[in-house]
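A.B. asks: Mind looking over this structure? Questions follow.
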Number of protein chains: 4
Amino acid sequence: MLLKTLREEVREANLELVRRGLVLYTFGNASGIDRAQALVAIKPSGVPYEELTPEQIVISDLAGKIVDGTLRPSSDLATHLELYKHFSSIGGVAHTHSEFGTSWAQAETPIPCFGTTHADSFHGPIPVTERLTPSQIAGDYELETGLAIVRTFSKIDPASVPAVLVAGHAPFCWGKDAAEAAHHAVILEYVARMASHTLSIHAESRPLGSELHDKHFLRKHGRNAYYGQVKT
Amino acid sequence: MLLKTLREEVREANLELVRRGLVLYTFGNASGIDRAQALVAIKPSGVPYEELTPEQIVISDLAGKIVDGTLRPSSDLATHLELYKHFSSIGGVAHTHSEFGTSWAQAETPIPCFGTTHADSFHGPIPVTERLTPSQIAGDYELETGLAIVRTFSKIDPASVPAVLVAGHAPFCWGKDAAEAAHHAVILEYVARMASHTLSIHAESRPLGSELHDKHFLRKHGRNAYYGQVKT
Amino acid sequence: MLLKTLREEVREANLELVRRGLVLYTFGNASGIDRAQALVAIKPSGVPYEELTPEQIVISDLAGKIVDGTLRPSSDLATHLELYKHFSSIGGVAHTHSEFGTSWAQAETPIPCFGTTHADSFHGPIPVTERLTPSQIAGDYELETGLAIVRTFSKIDPASVPAVLVAGHAPFCWGKDAAEAAHHAVILEYVARMASHTLSIHAESRPLGSELHDKHFLRKHGRNAYYGQVKT
Amino acid sequence: MLLKTLREEVREANLELVRRGLVLYTFGNASGIDRAQALVAIKPSGVPYEELTPEQIVISDLAGKIVDGTLRPSSDLATHLELYKHFSSIGGVAHTHSEFGTSWAQAETPIPCFGTTHADSFHGPIPVTERLTPSQIAGDYELETGLAIVRTFSKIDPASVPAVLVAGHAPFCWGKDAAEAAHHAVILEYVARMASHTLSIHAESRPLGSELHDKHFLRKHGRNAYYGQVKT
């Protein structure tokens, strides 16, 4: 892929987060990777979205060395890089402080799968990381955040549950590219919002049974999917 | 009715769901039926609303055979068809994952009639279906969803309570045509939202007495209605 | 006052309710009175706001006889008339099914004065009517609603607390004219919304002390008011 | 600084509060100070924001004497002046009745630091003032409000926690200038909203540990900050 194309895709994913109301000021960032070149494109730090040009998107290698661009990358770059290094199936990452996703992360409570809207995109509850230890916080904080996410997925397939809540922080989502990562961030926020209402209406609400959860996830994903139009 | 007219009505009802904020991405669908021809018009699966043309609306017979249109119908078609087959008074169906309606469905709690806004459109609480059994889910899932709705109305007149919450899924609404089905979907969401707040303000809130519930429903419906302008 | 002017004021107040997001479809109505002529101008029943012209505003006398206009008046006319007959200080009435005001009415819970936003406009909690009896509902229902409001204010000055919650129904607000009635409807909704959050944050929240409640109400109202610019 | 510039900055900060949805009608005001001249520019009382011109911004000295402008200043001027007199590091003040900030003030509950969104801007919980006594309310009320805020910060650095909740009233925020005060008002509202949801999801939610709280605040503030672009 041309870096120009990757930059445009990453800019577009960042703007999608804004259009969907997931971002206050500059609290969020999306990135994408070109696996062939092992290069990551990410939003620059603290630049207002309305002024963001494709050229301002920063290009980094997987070690965090900036190989193209004149601005500082998002301060969360090291977290994105750990996800790309450990989750080989993903091509994009989106991080927001969206209202309800962040509230669940602050409550340090996994989001149960209460319904088919959740099951359509996430094949299981949205997990929460452990809190970082003082020495992890004092060390390479953003990298440690990435490692905490990776540990959370030691027994979960990140391709089936493309989102996590970082304890006391906010969600990170991913997908096959930056656009799908942003798409998952939008759905996560909607699912988080409804899960909160569900508990408010009935504190003992039960998660979906596994059969229905599987049914809906597999209606949209994998070999036997039958939602949407046939891709030709 | 001309199929062209039915298609335009169905497209318009789908767009109304979007304009009223009931739909995220493509999570929703509205349909209408021409009873004389026994043909149903429904949104195609996974097509973005902003691009939806009348020609893309799919025409199916009541057995689910596509008789006109080149796209796949909504994956929920079989649910709509069961409703048309069993509820002879209805001419349109609308299904959304609207925020509060879906939350009540996820909480598997019927929406009590707490006020006249509810009573003006629904002559009773909004019921919730039973959960489907594993074998129903493994079988013809969307058809079984329709049958679960039909069983829920074994002692309720669907013309008086034109909405249901499918357990762990979301609302289905209906009406004399696609436009009225969409209208009921909008009111259901508003009623669901206020019922949630009502419980939050006072957990022991009481439903309306039956006299006031009847009064408001009959002020707008049936022989002695006196709301609105005289239709001439 | 010319009827033309009154009609325009009443139309404008109705549109203000819509602009402020207090009205779904046609669920609301505002009216104004010309005390000299003892004539009331009110929204017609069930007419979409976007099409409402001043000429469509219906003119009624205090007995409910239509003296000008070709459309049916709002079905709540008799409630408005009772308020004008018993509350001699008021010149306008606004009725909505606004989201949080209606939720408090459904919870049959008076809105406590939790803060200065409330105290600036309402000199006391927002009271709730008694439920109507079956015979009142079966009788002249809308007139009985007005009388229930009037009874609720037997020991409250309607000029100091220009709003009420009708049990199981929704708010009615009033003011010196239709514009002020609509203004109070907007503030009531905001106050209702915040009171709900206040209880959610801390269930034992205490109302304002009477000194601060008085201070804020009297900062804006009456002889010693000092908020805003001097009217010259 | 020219008074013209200060007036424009203060007008702009007031309009920012409106654009961000923090203000209903005229419930809010922002001010800025020119420390060299010891002059404060503040919004006039009760003037609609959409009509606000720079020339209407009122100029007061620190004793509350109007030295330029023809309109009455905001009735909260005396509160702003106490903040400028006691908090020497600040250059702007913003006061709103924003929905969730006000609800926490009404609940008289400090906003705990539940997450990094809060920690990025506020180095500690958002404190609540004591209630004013009847004699303080009967006396110079707005000045006493300022003094109550100052007492609340006897052991807190106002530069590290640039916001307070006035009990039963609403938030006051500040910053190095009027723009930053408005910025803090926006973030406070967002943090207040999410803290409310956090408690609703899990009533026993724990605040951030001090290490992570420090980390995030210091990532954006002070000598070792590394968020955003290098200011040159």
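Chain lettering (A, B, ...) mirrors the order of the structure tokens, residue numbering begins at 1 for each chain separately, and ligand numbering begins at 1 in order of display.
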Give me, as a ChimeraX atom specification, all polymer residues having an atom no more than 6 Å from His123 (chain D), counting only C-alpha atoms and skipping those fewer than 3 positions away in the same chain.

C.D. replies: /D:119,160-161

A.B. asks: Looking only at strand (DSSP E) from DSSP on the backbone, list the matching residues of region 5-232 of chain D as a compact mmCIF listing (two decimals) with all heavy atoms, in the first residue's frame.

C.D. replies:
# COMPACT_ATOMS: atom_id res chain seq x y z
N GLY D 28 -25.06 31.65 32.71
CA GLY D 28 -23.63 31.40 32.68
C GLY D 28 -22.91 32.70 32.39
O GLY D 28 -23.53 33.66 31.91
N ASN D 29 -21.62 32.73 32.69
CA ASN D 29 -20.84 33.93 32.42
C ASN D 29 -19.37 33.61 32.53
O ASN D 29 -18.95 32.78 33.33
CB ASN D 29 -21.22 35.08 33.38
CG ASN D 29 -21.39 34.59 34.82
OD1 ASN D 29 -20.41 34.22 35.47
ND2 ASN D 29 -22.61 34.58 35.31
N ALA D 30 -18.59 34.26 31.66
CA ALA D 30 -17.14 34.11 31.71
C ALA D 30 -16.53 35.50 31.82
O ALA D 30 -17.11 36.48 31.35
CB ALA D 30 -16.63 33.41 30.46
N SER D 31 -15.36 35.55 32.46
CA SER D 31 -14.65 36.82 32.63
C SER D 31 -13.16 36.58 32.44
O SER D 31 -12.69 35.45 32.44
CB SER D 31 -14.90 37.39 34.03
OG SER D 31 -14.23 36.59 35.01
N GLY D 32 -12.44 37.69 32.26
CA GLY D 32 -10.98 37.63 32.19
C GLY D 32 -10.40 38.85 32.89
O GLY D 32 -11.09 39.86 33.07
N ILE D 33 -9.15 38.73 33.31
CA ILE D 33 -8.53 39.84 34.02
C ILE D 33 -7.26 40.29 33.30
O ILE D 33 -6.54 39.46 32.73
CB ILE D 33 -8.20 39.45 35.49
CG1 ILE D 33 -7.75 40.68 36.29
CG2 ILE D 33 -7.14 38.34 35.55
CD1 ILE D 33 -7.67 40.42 37.80
N ASP D 34 -7.02 41.58 33.30
CA ASP D 34 -5.72 42.13 32.92
C ASP D 34 -5.01 42.47 34.23
O ASP D 34 -5.36 43.45 34.90
CB ASP D 34 -5.93 43.38 32.04
CG ASP D 34 -4.60 44.03 31.68
OD1 ASP D 34 -3.60 43.80 32.40
OD2 ASP D 34 -4.57 44.77 30.68
N LEU D 39 -7.85 45.12 35.97
CA LEU D 39 -9.20 45.31 35.44
C LEU D 39 -9.78 43.98 34.97
O LEU D 39 -9.08 43.17 34.35
CB LEU D 39 -9.19 46.30 34.28
CG LEU D 39 -8.83 47.75 34.65
CD1 LEU D 39 -8.81 48.63 33.40
CD2 LEU D 39 -9.80 48.31 35.70
N VAL D 40 -11.06 43.80 35.28
CA VAL D 40 -11.76 42.57 34.93
C VAL D 40 -12.83 42.86 33.88
O VAL D 40 -13.57 43.84 34.02
CB VAL D 40 -12.41 41.95 36.19
CG1 VAL D 40 -13.36 40.81 35.81
CG2 VAL D 40 -11.34 41.45 37.16
N ALA D 41 -12.87 42.02 32.85
CA ALA D 41 -13.92 42.13 31.83
C ALA D 41 -14.90 40.99 32.02
O ALA D 41 -14.49 39.83 32.13
CB ALA D 41 -13.30 42.06 30.43
N ILE D 42 -16.20 41.29 32.06
CA ILE D 42 -17.20 40.25 32.34
C ILE D 42 -18.44 40.47 31.49
O ILE D 42 -18.75 41.61 31.08
CB ILE D 42 -17.55 40.21 33.85
CG1 ILE D 42 -18.33 38.92 34.18
CG2 ILE D 42 -18.33 41.46 34.27
CD1 ILE D 42 -18.43 38.63 35.68
N VAL D 58 -18.54 44.31 30.15
CA VAL D 58 -18.39 45.34 31.17
C VAL D 58 -17.00 45.26 31.79
O VAL D 58 -16.50 44.17 32.05
CB VAL D 58 -19.46 45.15 32.27
CG1 VAL D 58 -19.35 46.25 33.33
CG2 VAL D 58 -20.85 45.11 31.65
N ILE D 59 -16.38 46.42 32.03
CA ILE D 59 -15.05 46.47 32.66
C ILE D 59 -15.20 46.98 34.10
O ILE D 59 -15.78 48.04 34.33
CB ILE D 59 -14.09 47.40 31.89
CG1 ILE D 59 -14.01 47.01 30.41
CG2 ILE D 59 -12.71 47.39 32.55
CD1 ILE D 59 -13.35 45.69 30.12
N SER D 60 -14.67 46.18 35.02
CA SER D 60 -14.78 46.50 36.45
C SER D 60 -13.39 46.51 37.07
O SER D 60 -12.49 45.80 36.61
CB SER D 60 -15.64 45.42 37.13
OG SER D 60 -15.47 45.43 38.53
N ASP D 61 -13.20 47.32 38.13
CA ASP D 61 -11.95 47.15 38.89
C ASP D 61 -12.17 46.05 39.94
O ASP D 61 -13.27 45.49 40.05
CB ASP D 61 -11.46 48.47 39.47
CG ASP D 61 -12.36 49.01 40.56
OD1 ASP D 61 -13.22 48.24 41.10
OD2 ASP D 61 -12.24 50.20 40.90
N ILE D 66 -17.53 49.82 38.22
CA ILE D 66 -17.54 49.72 36.77
C ILE D 66 -16.76 50.89 36.21
O ILE D 66 -17.08 52.06 36.48
CB ILE D 66 -18.99 49.76 36.24
CG1 ILE D 66 -19.81 48.64 36.89
CG2 ILE D 66 -19.01 49.62 34.72
CD1 ILE D 66 -19.21 47.28 36.82
N VAL D 67 -15.72 50.59 35.43
CA VAL D 67 -14.89 51.68 34.89
C VAL D 67 -15.13 51.87 33.39
O VAL D 67 -14.72 52.87 32.83
CB VAL D 67 -13.39 51.42 35.17
CG1 VAL D 67 -13.12 51.35 36.67
CG2 VAL D 67 -12.90 50.17 34.47
N ASP D 68 -15.78 50.93 32.76
CA ASP D 68 -16.13 51.13 31.35
C ASP D 68 -17.29 50.22 30.98
O ASP D 68 -17.33 49.04 31.38
CB ASP D 68 -14.93 50.84 30.44
CG ASP D 68 -15.14 51.45 29.05
OD1 ASP D 68 -15.69 52.56 28.96
OD2 ASP D 68 -14.76 50.79 28.06
N GLY D 92 -8.70 33.87 34.15
CA GLY D 92 -10.06 33.81 33.62
C GLY D 92 -10.94 32.95 34.51
O GLY D 92 -10.45 32.04 35.19
N VAL D 93 -12.25 33.22 34.50
CA VAL D 93 -13.23 32.47 35.29
C VAL D 93 -14.43 32.18 34.40
O VAL D 93 -14.84 33.05 33.61
CB VAL D 93 -13.67 33.27 36.54
CG1 VAL D 93 -14.83 32.57 37.26
CG2 VAL D 93 -12.50 33.49 37.49
N ALA D 94 -14.97 30.95 34.51
CA ALA D 94 -16.19 30.60 33.77
C ALA D 94 -17.17 29.95 34.72
O ALA D 94 -16.81 29.05 35.49
CB ALA D 94 -15.89 29.65 32.61
N HIS D 95 -18.41 30.42 34.67
CA HIS D 95 -19.47 29.87 35.52
C HIS D 95 -20.61 29.42 34.63
O HIS D 95 -21.08 30.18 33.78
CB HIS D 95 -19.94 30.96 36.49
CG HIS D 95 -21.21 30.61 37.20
ND1 HIS D 95 -21.37 29.46 37.92
CD2 HIS D 95 -22.38 31.30 37.32
CE1 HIS D 95 -22.59 29.42 38.45
NE2 HIS D 95 -23.22 30.53 38.10
N THR D 96 -21.04 28.17 34.81
CA THR D 96 -22.20 27.69 34.06
C THR D 96 -23.13 26.93 35.00
O THR D 96 -22.75 26.60 36.14
CB THR D 96 -21.82 26.72 32.91
OG1 THR D 96 -21.54 25.43 33.48
CG2 THR D 96 -20.62 27.21 32.13
N ALA D 163 -11.37 23.99 39.29
CA ALA D 163 -12.83 23.94 39.27
C ALA D 163 -13.35 23.66 40.66
O ALA D 163 -12.67 23.02 41.48
CB ALA D 163 -13.33 22.84 38.32
N VAL D 164 -14.57 24.12 40.92
CA VAL D 164 -15.22 23.86 42.20
C VAL D 164 -16.72 23.72 41.95
O VAL D 164 -17.23 24.24 40.95
CB VAL D 164 -14.96 25.02 43.19
CG1 VAL D 164 -15.72 26.28 42.78
CG2 VAL D 164 -15.30 24.63 44.63
N LEU D 165 -17.39 23.00 42.86
CA LEU D 165 -18.85 22.92 42.83
C LEU D 165 -19.38 23.75 43.99
O LEU D 165 -19.07 23.44 45.15
CB LEU D 165 -19.30 21.47 42.97
CG LEU D 165 -18.68 20.48 41.98
CD1 LEU D 165 -19.06 19.04 42.36
CD2 LEU D 165 -19.10 20.79 40.55
N PRO D 171 -21.13 24.78 39.04
CA PRO D 171 -19.67 24.89 39.00
C PRO D 171 -19.16 26.30 38.70
O PRO D 171 -19.81 27.07 37.99
CB PRO D 171 -19.27 23.97 37.83
CG PRO D 171 -20.50 23.32 37.33
CD PRO D 171 -21.67 24.05 37.87
N PHE D 172 -18.00 26.60 39.23
CA PHE D 172 -17.14 27.70 38.76
C PHE D 172 -15.81 27.06 38.35
O PHE D 172 -15.30 26.19 39.07
CB PHE D 172 -16.88 28.73 39.87
CG PHE D 172 -18.00 29.70 40.08
CD1 PHE D 172 -19.12 29.35 40.83
CD2 PHE D 172 -17.96 30.98 39.54
CE1 PHE D 172 -20.18 30.24 41.03
CE2 PHE D 172 -19.01 31.88 39.72
CZ PHE D 172 -20.12 31.51 40.47
N CYS D 173 -15.29 27.49 37.20
CA CYS D 173 -14.00 26.99 36.72
C CYS D 173 -13.09 28.17 36.43
O CYS D 173 -13.56 29.29 36.27
CB CYS D 173 -14.20 26.19 35.42
SG CYS D 173 -15.28 24.75 35.64
N TRP D 174 -11.80 27.92 36.35
CA TRP D 174 -10.87 29.01 36.02
C TRP D 174 -9.70 28.45 35.25
O TRP D 174 -9.58 27.25 35.03
CB TRP D 174 -10.43 29.73 37.30
CG TRP D 174 -10.03 28.81 38.41
CD1 TRP D 174 -8.81 28.22 38.57
CD2 TRP D 174 -10.86 28.37 39.49
NE1 TRP D 174 -8.83 27.42 39.70
CE2 TRP D 174 -10.06 27.50 40.29
CE3 TRP D 174 -12.18 28.61 39.87
CZ2 TRP D 174 -10.56 26.87 41.43
CZ3 TRP D 174 -12.66 27.97 41.01
CH2 TRP D 174 -11.86 27.13 41.77
N GLY D 175 -8.82 29.40 34.81
CA GLY D 175 -7.65 28.99 34.05
C GLY D 175 -6.76 30.20 33.84
O GLY D 175 -7.02 31.27 34.40

A.B. asks: Any idea which chain D residues end up within 10 Å of chain A if we count only C-alpha atoms, as a PyMOL selection string please?

C.D. replies: chain D and resi 113-119+183+186-187+190-191+193-216+219+226-230

A.B. asks: Taking the backbone alone, and naming residues the way the document does, which bits of region 66-162 of chain B are alpha helix (DSSP H) by DSSP, as a ChimeraX atom specification?

C.D. replies: /B:77-86,99-107,116-119,134-138,141-152

A.B. asks: Would you list the contacts of Ser88 (chain C) as a CSV table (one decimal) with C-alpha atoms, in the first residue's frame, taking every protein, DNA or RNA residue within 12 Å and counting only C-alpha atoms, but skipping same-chain residues closer than 5 positions in sequence?

C.D. replies:
chain,number,residue,atom,x,y,z
C,33,ILE,CA,-55.5,35.0,26.7
C,34,ASP,CA,-56.6,38.5,26.1
C,35,ARG,CA,-58.1,39.4,29.5
C,38,ALA,CA,-61.8,37.3,27.7
C,81,LEU,CA,-59.6,27.4,30.3
C,82,GLU,CA,-59.8,26.3,34.0
C,83,LEU,CA,-56.4,27.7,34.6
C,150,VAL,CA,-56.4,24.3,40.7
C,157,ASP,CA,-49.4,31.0,44.6
C,158,PRO,CA,-49.4,30.1,41.0
C,159,ALA,CA,-47.5,33.3,40.2
C,174,TRP,CA,-47.9,29.2,32.8
C,175,GLY,CA,-46.7,32.8,32.8
C,176,LYS,CA,-47.7,36.4,32.2

A.B. asks: Which is closest to Glu189 (chain C) among C:Arg11, C:Arg20, C:His221, C:Lys43, if we use only C-alpha atoms?

C.D. replies: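 Under the stated criterion, the closest residue is C:Arg20.
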
A.B. asks: Identify, on the basis of only C-alpha atoms, every residue whose closest approach to Thr79 (chain B) does not exceed 8 Å; exclude the query and any residue fewer than 5 positions from it along the same chain; express the result as a PyMOL selection string.

C.D. replies: chain B and resi 142-147

A.B. asks: Any chance you could export the current selection's C-alpha atoms as a compact mmCIF listing (two decimals), in the first residue's frame?

C.D. replies:
# COMPACT_ATOMS: atom_id res chain seq x y z
CA GLU B 142 -35.83 -15.54 12.05
CA LEU B 143 -39.07 -17.45 11.49
CA GLU B 144 -38.97 -18.70 15.09
CA THR B 145 -38.54 -15.10 16.23
CA GLY B 146 -41.76 -14.27 14.44
CA LEU B 147 -43.57 -17.22 16.01

A.B. asks: Glu55 (chain A): which residues within 9 Å, counting only C-alpha atoms, same-chain residues fewer than 5 positions away excluded, as a ChimeraX atom specification?

C.D. replies: /A:4,7-8,69

A.B. asks: Take the selection from the previous step and output its residues with N, CA, C and O atoms, as a CSV table (one decimal), in the first residue's frame.

C.D. replies:
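Below is the file that was written, result_8.csv:
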chain,number,residue,atom,x,y,z
A,4,LYS,N,0.7,7.2,1.2
A,4,LYS,CA,-0.4,8.2,0.9
A,4,LYS,C,-1.8,7.7,1.2
A,4,LYS,O,-2.6,8.3,1.8
A,7,ARG,N,-2.2,7.0,4.9
A,7,ARG,CA,-2.4,8.3,5.6
A,7,ARG,C,-3.9,8.8,5.5
A,7,ARG,O,-4.5,9.3,6.4
A,8,GLU,N,-4.4,8.6,4.3
A,8,GLU,CA,-5.8,9.1,4.0
A,8,GLU,C,-6.8,8.2,4.8
A,8,GLU,O,-7.7,8.8,5.3
A,69,GLY,N,7.2,12.4,8.6
A,69,GLY,CA,6.3,13.3,9.3
A,69,GLY,C,7.1,14.2,10.2
A,69,GLY,O,8.1,13.9,10.7
